[in-house]
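Below: run20.txt (compact mmCIF, C-alpha atoms)
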```
# COMPACT_ATOMS: atom_id res chain seq x y z
CA MET A 1 17.13 11.48 11.24
CA GLU A 2 17.98 9.96 14.64
CA LYS A 3 14.42 10.69 15.77
CA LEU A 4 12.96 8.76 12.84
CA LYS A 5 15.30 5.85 13.56
CA GLU A 6 14.32 5.76 17.22
CA ILE A 7 10.63 5.55 16.45
CA ILE A 8 11.08 2.32 14.47
CA ARG A 9 10.46 -0.58 16.82
CA ASP A 10 12.66 -3.65 17.21
CA VAL A 11 10.61 -6.85 17.48
CA PRO A 12 12.81 -9.79 18.48
CA ASP A 13 12.26 -13.28 17.03
CA PHE A 14 10.02 -12.21 14.12
CA PRO A 15 9.35 -13.74 11.65
CA LYS A 16 11.50 -16.45 13.28
CA GLU A 17 13.85 -16.99 16.23
CA GLY A 18 17.05 -15.00 16.14
CA ILE A 19 15.79 -12.31 13.75
CA VAL A 20 15.22 -8.78 15.08
CA PHE A 21 12.49 -7.30 12.91
CA LYS A 22 12.42 -3.57 12.14
CA ASP A 23 8.77 -2.66 12.69
CA ILE A 24 8.00 0.54 10.77
CA THR A 25 4.32 0.68 11.78
CA THR A 26 5.28 2.82 14.80
CA LEU A 27 6.67 5.39 12.38
CA LEU A 28 3.77 5.18 9.93
CA GLN A 29 1.18 5.86 12.63
CA ASP A 30 3.00 8.95 13.91
CA ALA A 31 1.68 11.75 11.68
CA LYS A 32 4.73 14.01 11.88
CA SER A 33 7.24 11.21 11.32
CA TYR A 34 5.24 9.81 8.42
CA GLN A 35 4.98 13.20 6.68
CA ARG A 36 8.65 13.88 7.33
CA MET A 37 9.75 10.52 5.96
CA ILE A 38 7.83 11.00 2.70
CA ASP A 39 8.93 14.63 2.30
CA LEU A 40 12.59 13.81 2.86
CA ILE A 41 12.60 10.97 0.32
CA ALA A 42 10.50 12.84 -2.24
CA HIS A 43 12.71 15.91 -1.99
CA ARG A 44 15.57 13.92 -3.48
CA TYR A 45 13.60 13.32 -6.69
CA ILE A 46 11.95 16.71 -7.24
CA ASP A 47 14.20 17.56 -10.19
CA GLU A 48 14.55 14.00 -11.57
CA LYS A 49 12.84 12.88 -14.74
CA ILE A 50 10.54 10.14 -13.47
CA ASP A 51 7.65 8.56 -15.38
CA LEU A 52 6.28 6.20 -12.75
CA VAL A 53 6.78 5.10 -9.17
CA LEU A 54 6.78 1.34 -8.59
CA GLY A 55 5.57 -0.10 -5.28
CA VAL A 56 6.50 -3.63 -4.17
CA GLU A 57 3.76 -5.59 -2.33
CA ALA A 58 2.77 -4.89 0.36
CA ARG A 59 4.59 -2.34 2.52
CA GLY A 60 6.15 -0.90 -0.63
CA PHE A 61 2.62 0.14 -1.67
CA ILE A 62 2.60 2.59 1.24
CA MET A 63 5.92 4.21 0.37
CA GLY A 64 5.15 4.08 -3.36
CA ALA A 65 1.64 5.54 -3.10
CA ALA A 66 2.64 8.50 -0.94
CA LEU A 67 5.78 9.22 -2.99
CA ALA A 68 3.90 8.99 -6.30
CA TYR A 69 1.27 11.37 -4.97
CA LYS A 70 3.82 13.84 -3.66
CA LEU A 71 5.83 13.72 -6.92
CA GLY A 72 2.73 14.01 -9.11
CA LYS A 73 3.27 10.63 -10.78
CA GLY A 74 1.27 7.45 -11.27
CA ILE A 75 2.01 4.27 -9.34
CA ILE A 76 2.51 0.76 -10.74
CA LEU A 77 2.39 -2.42 -8.68
CA VAL A 78 4.56 -5.52 -8.39
CA ARG A 79 2.54 -8.22 -6.70
CA LYS A 80 2.52 -11.81 -5.51
CA PRO A 81 1.05 -14.49 -7.84
CA GLY A 82 -2.71 -14.48 -8.41
CA LYS A 83 -3.28 -10.88 -7.37
CA LEU A 84 -3.10 -8.94 -10.65
CA PRO A 85 -6.16 -9.49 -12.85
CA TYR A 86 -4.74 -8.65 -16.28
CA LYS A 87 -1.95 -10.26 -18.37
CA THR A 88 1.34 -10.24 -16.46
CA HIS A 89 5.08 -10.72 -16.84
CA SER A 90 6.59 -12.66 -13.95
CA THR A 91 9.89 -13.68 -12.44
CA THR A 92 10.90 -16.42 -10.03
CA TYR A 93 13.65 -15.74 -7.51
CA GLU A 94 15.49 -17.60 -4.78
CA LEU A 95 14.64 -17.24 -1.12
CA GLU A 96 16.59 -18.66 1.80
CA TYR A 97 14.38 -21.73 1.51
CA GLY A 98 12.62 -22.32 -1.79
CA THR A 99 11.56 -19.72 -4.36
CA ASP A 100 9.07 -16.91 -4.74
CA GLU A 101 7.37 -15.26 -7.69
CA LEU A 102 6.56 -11.66 -8.57
CA HIS A 103 4.17 -10.33 -11.21
CA ILE A 104 3.61 -7.06 -13.03
CA HIS A 105 0.96 -6.12 -15.58
CA GLN A 106 2.29 -6.29 -19.13
CA ASP A 107 0.99 -2.79 -19.84
CA ALA A 108 2.33 -1.22 -16.65
CA ILE A 109 5.51 0.03 -18.34
CA LYS A 110 6.26 1.32 -21.82
CA LYS A 111 9.75 0.88 -23.25
CA GLY A 112 12.16 3.59 -22.12
CA GLN A 113 10.06 4.80 -19.21
CA ARG A 114 12.01 5.91 -16.14
CA ILE A 115 10.93 4.11 -12.99
CA LEU A 116 11.55 4.95 -9.34
CA ILE A 117 11.36 1.73 -7.30
CA ALA A 118 10.02 2.16 -3.75
CA ASP A 119 10.09 -0.29 -0.85
CA ASP A 120 10.24 0.00 2.90
CA LEU A 121 13.34 -1.98 3.81
CA LEU A 122 16.53 -3.03 2.04
CA ALA A 123 17.77 -6.26 3.60
CA THR A 124 19.60 -8.75 1.34
CA GLY A 125 18.11 -7.05 -1.72
CA GLY A 126 16.75 -10.28 -3.23
CA THR A 127 13.23 -9.04 -3.81
CA VAL A 128 14.19 -5.71 -5.38
CA LYS A 129 16.84 -7.43 -7.53
CA ALA A 130 14.01 -9.60 -8.90
CA VAL A 131 11.90 -6.49 -9.53
CA ILE A 132 14.77 -4.86 -11.44
CA ASP A 133 15.29 -7.95 -13.63
CA LEU A 134 11.57 -8.05 -14.34
CA ILE A 135 11.17 -4.44 -15.44
CA GLU A 136 14.45 -4.20 -17.32
CA LYS A 137 13.20 -7.00 -19.56
CA MET A 138 10.24 -4.72 -20.29
CA GLY A 139 12.62 -1.97 -21.41
CA ALA A 140 12.37 0.19 -18.30
CA GLU A 141 15.11 2.45 -17.04
CA ILE A 142 15.67 2.47 -13.29
CA VAL A 143 16.02 5.95 -11.79
CA GLU A 144 16.91 4.63 -8.35
CA CYS A 145 15.74 2.22 -5.66
CA ALA A 146 14.40 4.19 -2.69
CA PHE A 147 14.00 2.64 0.74
CA LEU A 148 12.86 3.99 4.06
CA ALA A 149 15.52 1.96 5.85
CA GLU A 150 18.48 -0.28 5.14
CA LEU A 151 20.17 -3.04 7.13
CA LYS A 152 23.76 -2.18 6.15
CA PHE A 153 25.30 -5.39 7.51
CA LEU A 154 23.36 -7.45 4.93
CA ASN A 155 25.06 -5.54 2.12
CA GLY A 156 22.01 -5.32 -0.14
CA GLN A 157 23.46 -2.40 -2.12
CA GLU A 158 26.09 -4.76 -3.53
CA LYS A 159 23.40 -7.03 -4.94
CA LEU A 160 21.60 -4.15 -6.66
CA LYS A 161 24.69 -2.77 -8.45
CA PRO A 162 25.11 -1.01 -10.82
CA HIS A 163 21.76 0.56 -9.90
CA LYS A 164 21.59 3.51 -7.57
CA VAL A 165 20.23 2.93 -4.10
CA PHE A 166 18.96 5.46 -1.58
CA SER A 167 17.92 4.68 1.97
CA LEU A 168 16.73 7.38 4.33
CA LEU A 169 17.73 5.51 7.50
CA GLN A 170 20.58 3.07 8.06
CA PHE A 171 20.79 0.39 10.73
CA MET B 1 -16.04 11.62 -12.68
CA GLU B 2 -17.05 9.76 -15.86
CA LYS B 3 -13.45 10.00 -17.06
CA LEU B 4 -12.16 8.33 -13.91
CA LYS B 5 -14.78 5.59 -14.28
CA GLU B 6 -13.82 4.95 -17.88
CA ILE B 7 -10.15 4.49 -17.08
CA ILE B 8 -10.91 1.59 -14.71
CA ARG B 9 -10.56 -1.65 -16.70
CA ASP B 10 -13.04 -4.51 -16.70
CA VAL B 11 -11.32 -7.90 -16.57
CA PRO B 12 -13.81 -10.71 -17.22
CA ASP B 13 -13.58 -14.02 -15.34
CA PHE B 14 -11.24 -12.84 -12.59
CA PRO B 15 -10.69 -14.11 -9.94
CA LYS B 16 -13.11 -16.75 -11.22
CA GLU B 17 -15.50 -17.44 -14.09
CA GLY B 18 -18.50 -15.15 -14.29
CA ILE B 19 -16.97 -12.33 -12.22
CA VAL B 20 -16.09 -9.06 -13.98
CA PHE B 21 -13.20 -7.60 -11.99
CA LYS B 22 -12.77 -3.83 -11.69
CA ASP B 23 -9.05 -3.36 -12.31
CA ILE B 24 -7.99 -0.03 -10.80
CA THR B 25 -4.31 -0.35 -11.80
CA THR B 26 -5.06 1.47 -15.06
CA LEU B 27 -6.21 4.44 -12.99
CA LEU B 28 -3.32 4.27 -10.51
CA GLN B 29 -0.70 4.35 -13.26
CA ASP B 30 -2.21 7.42 -14.91
CA ALA B 31 -0.62 10.34 -13.04
CA LYS B 32 -3.45 12.83 -13.54
CA SER B 33 -6.21 10.37 -12.65
CA TYR B 34 -4.33 9.16 -9.58
CA GLN B 35 -3.74 12.69 -8.27
CA ARG B 36 -7.33 13.64 -9.01
CA MET B 37 -8.74 10.61 -7.26
CA ILE B 38 -6.76 11.28 -4.07
CA ASP B 39 -7.51 15.02 -4.12
CA LEU B 40 -11.23 14.48 -4.60
CA ILE B 41 -11.50 11.99 -1.75
CA ALA B 42 -9.20 13.95 0.59
CA HIS B 43 -11.13 17.17 -0.06
CA ARG B 44 -14.14 15.64 1.68
CA TYR B 45 -12.21 15.27 4.94
CA ILE B 46 -10.25 18.51 5.08
CA ASP B 47 -12.41 19.94 7.89
CA GLU B 48 -13.09 16.64 9.68
CA LYS B 49 -11.49 15.76 12.98
CA ILE B 50 -9.46 12.66 12.07
CA ASP B 51 -6.72 11.07 14.17
CA LEU B 52 -5.59 8.28 11.86
CA VAL B 53 -6.22 6.81 8.44
CA LEU B 54 -6.58 3.02 8.33
CA GLY B 55 -5.52 1.07 5.22
CA VAL B 56 -6.80 -2.46 4.56
CA GLU B 57 -4.26 -4.87 3.00
CA ALA B 58 -3.21 -4.63 0.24
CA ARG B 59 -4.80 -2.17 -2.24
CA GLY B 60 -6.19 -0.23 0.71
CA PHE B 61 -2.59 0.59 1.62
CA ILE B 62 -2.34 2.66 -1.56
CA MET B 63 -5.48 4.69 -0.90
CA GLY B 64 -4.71 4.93 2.80
CA ALA B 65 -1.09 6.01 2.38
CA ALA B 66 -1.82 8.75 -0.12
CA LEU B 67 -4.86 10.02 1.81
CA ALA B 68 -2.99 10.03 5.12
CA TYR B 69 -0.15 11.96 3.52
CA LYS B 70 -2.49 14.48 1.92
CA LEU B 71 -4.46 14.95 5.15
CA GLY B 72 -1.33 15.21 7.30
CA LYS B 73 -2.19 12.13 9.39
CA GLY B 74 -0.51 8.86 10.27
CA ILE B 75 -1.55 5.55 8.73
CA ILE B 76 -2.37 2.30 10.55
CA LEU B 77 -2.56 -1.11 8.90
CA VAL B 78 -5.02 -3.99 8.97
CA ARG B 79 -3.26 -7.08 7.63
CA LYS B 80 -3.61 -10.77 6.91
CA PRO B 81 -2.38 -13.27 9.56
CA GLY B 82 1.38 -13.55 10.13
CA LYS B 83 2.27 -10.16 8.67
CA LEU B 84 2.29 -7.83 11.68
CA PRO B 85 5.30 -8.38 13.95
CA TYR B 86 3.97 -7.01 17.26
CA LYS B 87 1.07 -8.08 19.50
CA THR B 88 -2.22 -7.97 17.58
CA HIS B 89 -5.97 -8.05 18.00
CA SER B 90 -7.68 -10.17 15.37
CA THR B 91 -11.07 -11.06 13.97
CA THR B 92 -12.35 -13.96 11.90
CA TYR B 93 -15.03 -13.34 9.31
CA GLU B 94 -17.06 -15.31 6.79
CA LEU B 95 -16.21 -15.49 3.11
CA GLU B 96 -18.29 -17.07 0.38
CA TYR B 97 -16.36 -20.28 1.02
CA GLY B 98 -14.67 -20.61 4.41
CA THR B 99 -13.34 -17.86 6.65
CA ASP B 100 -10.58 -15.28 6.70
CA GLU B 101 -8.74 -13.45 9.45
CA LEU B 102 -7.58 -9.85 9.90
CA HIS B 103 -5.08 -8.44 12.37
CA ILE B 104 -4.19 -5.03 13.78
CA HIS B 105 -1.44 -4.04 16.21
CA GLN B 106 -2.75 -3.65 19.75
CA ASP B 107 -1.12 -0.23 20.03
CA ALA B 108 -2.33 1.05 16.65
CA ILE B 109 -5.38 2.79 18.16
CA LYS B 110 -5.97 4.55 21.47
CA LYS B 111 -9.49 4.66 22.92
CA GLY B 112 -11.63 7.42 21.43
CA GLN B 113 -9.46 8.06 18.40
CA ARG B 114 -11.30 8.96 15.24
CA ILE B 115 -10.43 6.68 12.33
CA LEU B 116 -10.98 7.12 8.60
CA ILE B 117 -11.11 3.68 6.97
CA ALA B 118 -9.76 3.54 3.40
CA ASP B 119 -10.05 0.77 0.82
CA ASP B 120 -10.20 0.62 -2.95
CA LEU B 121 -13.49 -1.14 -3.62
CA LEU B 122 -16.76 -1.66 -1.75
CA ALA B 123 -18.32 -4.93 -2.92
CA THR B 124 -20.35 -6.94 -0.36
CA GLY B 125 -18.69 -5.04 2.48
CA GLY B 126 -17.63 -8.17 4.36
CA THR B 127 -14.00 -7.19 4.83
CA VAL B 128 -14.64 -3.64 5.96
CA LYS B 129 -17.42 -4.81 8.30
CA ALA B 130 -14.81 -7.06 9.93
CA VAL B 131 -12.41 -4.11 10.19
CA ILE B 132 -15.10 -2.01 11.87
CA ASP B 133 -15.88 -4.73 14.40
CA LEU B 134 -12.19 -5.10 15.16
CA ILE B 135 -11.44 -1.44 15.81
CA GLU B 136 -14.69 -0.65 17.63
CA LYS B 137 -13.69 -3.26 20.21
CA MET B 138 -10.52 -1.21 20.67
CA GLY B 139 -12.62 1.88 21.42
CA ALA B 140 -12.19 3.60 18.06
CA GLU B 141 -14.71 5.96 16.53
CA ILE B 142 -15.30 5.56 12.81
CA VAL B 143 -15.33 8.85 10.88
CA GLU B 144 -16.35 7.20 7.61
CA CYS B 145 -15.42 4.37 5.25
CA ALA B 146 -13.93 5.84 2.07
CA PHE B 147 -13.72 3.85 -1.15
CA LEU B 148 -12.45 4.68 -4.59
CA ALA B 149 -15.30 2.70 -6.14
CA GLU B 150 -18.46 0.86 -5.16
CA LEU B 151 -20.41 -1.96 -6.81
CA LYS B 152 -23.89 -0.64 -5.97
CA PHE B 153 -25.73 -3.84 -6.94
CA LEU B 154 -23.98 -5.73 -4.11
CA ASN B 155 -25.47 -3.35 -1.56
CA GLY B 156 -22.39 -3.14 0.66
CA GLN B 157 -23.57 0.12 2.26
CA GLU B 158 -26.39 -1.79 3.92
CA LYS B 159 -23.93 -4.12 5.63
CA LEU B 160 -21.86 -1.22 7.00
CA LYS B 161 -24.79 0.65 8.57
CA PRO B 162 -25.01 2.72 10.74
CA HIS B 163 -21.54 3.84 9.64
CA LYS B 164 -21.10 6.45 6.97
CA VAL B 165 -19.84 5.33 3.58
CA PHE B 166 -18.36 7.40 0.78
CA SER B 167 -17.41 6.09 -2.64
CA LEU B 168 -15.99 8.36 -5.31
CA LEU B 169 -17.17 6.21 -8.23
CA GLN B 170 -20.27 4.02 -8.52
CA PHE B 171 -20.74 1.04 -10.81
```

Reformat the file's structure so that it appears as structure tokens.
Amino acid sequence: MEKLKEIIRDVPDFPKEGIVFKDITTLLQDAKSYQRMIDLIAHRYIDEKIDLVLGVEARGFIMGAALAYKLGKGIILVRKPGKLPYKTHSTTYELEYGTDELHIHQDAIKKGQRILIADDLLATGGTVKAVIDLIEKMGAEIVECAFLAELKFLNGQEKLKPHKVFSLLQF
Amino acid sequence: MEKLKEIIRDVPDFPKEGIVFKDITTLLQDAKSYQRMIDLIAHRYIDEKIDLVLGVEARGFIMGAALAYKLGKGIILVRKPGKLPYKTHSTTYELEYGTDELHIHQDAIKKGQRILIADDLLATGGTVKAVIDLIEKMGAEIVECAFLAELKFLNGQEKLKPHKVFSLLQF
């Protein structure tokens, strides 16, 4: 796992001064690391009852698409406003400054379906918390929230309780 | 193939009046169709020499991620401005009204690498033409441009010449 961690690049002062951004593109473009990352995460869910994998725009689409393929499931999308063409449910959530909005197609989930949520990075957990609120209102059950990496010091797991969280790499 | 075509949903008047939008989310969320779509496209490239799969933001990330995984390659990303944290090359291209900009990390491609470009839909071809211009300047060779679906009446293949184009479904 140390090798996968090392291949993720630190970019200082992105998206703003003082933040050190975890750039996963260096991992994604390395064939062996990319395959290994997906296999290791998917392995955890081989025996789970999962109906759908959910990918959060936009890097979550990468994790979600590869995991869904590997697990033999379909993928559903949570997107920014104005991107989904059909009727949607939406939720507004707080950011550090201002608010943001997430949408999902109304027919993406049927009541009682078991959803695996996939995203690249767990930071404060605000976005995925909003996703959970959104799909629970639709009657979904959350299998787990799966991340490639987690910034432990931001304590995102706390925010997502009582839901289960898995992160392959911890920083 | 007719079954895959039928499962794609027509959404009238999106993103604006008079446009009939091909909504692929209905295909993505159907496990069998999603697996079949990726397998059929990937099959075409099993014996090709490919170094990297390129995904175009954002739906192209889904195609690209699953194809790269299936083919055992890494994935590189072409994104909208402000999204990639490291040093980028960029290109500006014409839209119907105004212009748009695409970015790629400067270290995403090494000279001579063979790139498979993946996106969901070939319409006029403007976006993918911009992607091609961008990565050819970096010394990339284009294996082919692979799309889930193509709107034949918009004649996008013409715009992408002399590059090879493959679309699984034609409308």

With only C-alpha atoms considered, list every residue of chain B at most 8 Å from chain A, as a ChimeraX atom specification. /B:11,14-15,21,23,25,28-32,34-35,52,57-59,61-66,69,72-77,85-86,108

Pairwise distance for atom CA of Lys164 of chain B and atom CA of Glu141 of chain B, rounded to one decimal in Å: 11.5 Å

Straight-line distance linking atom CA of Ile115 of chain A with atom CA of Ala149 of chain B, stated in Å to one decimal: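 That distance, rounded to one decimal, is 27.1 Å.
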
Taking (20.1, -4.5, 9.0) as a centre in this file's frame and 12 Å as the limit, can you find every polymer residue with an atom that close, using all atoms listed in the file, and give them as a count of residues only? 23

Taking only C-alpha atoms into account, name the residue in B:Leu102, B:Tyr45, B:His89, B:Lys110 that is nearest to Cys145 of chain B. B:Tyr45

Expressed in Å to a single decimal, how great is the separation between atom CA of Asp133 of chain B and atom CA of Thr91 of chain B?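 Separation between atom CA of Asp133 of chain B and atom CA of Thr91 of chain B: 8.0 Å.
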
Which is closer to Leu168 of chain B than all the others in B:Leu134, B:Lys49, B:Gln106, B:Asp120, using only C-alpha atoms?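 Of B:Leu134, B:Lys49, B:Gln106, B:Asp120, the one nearest Leu168 of chain B, counting only C-alpha atoms, is B:Asp120.
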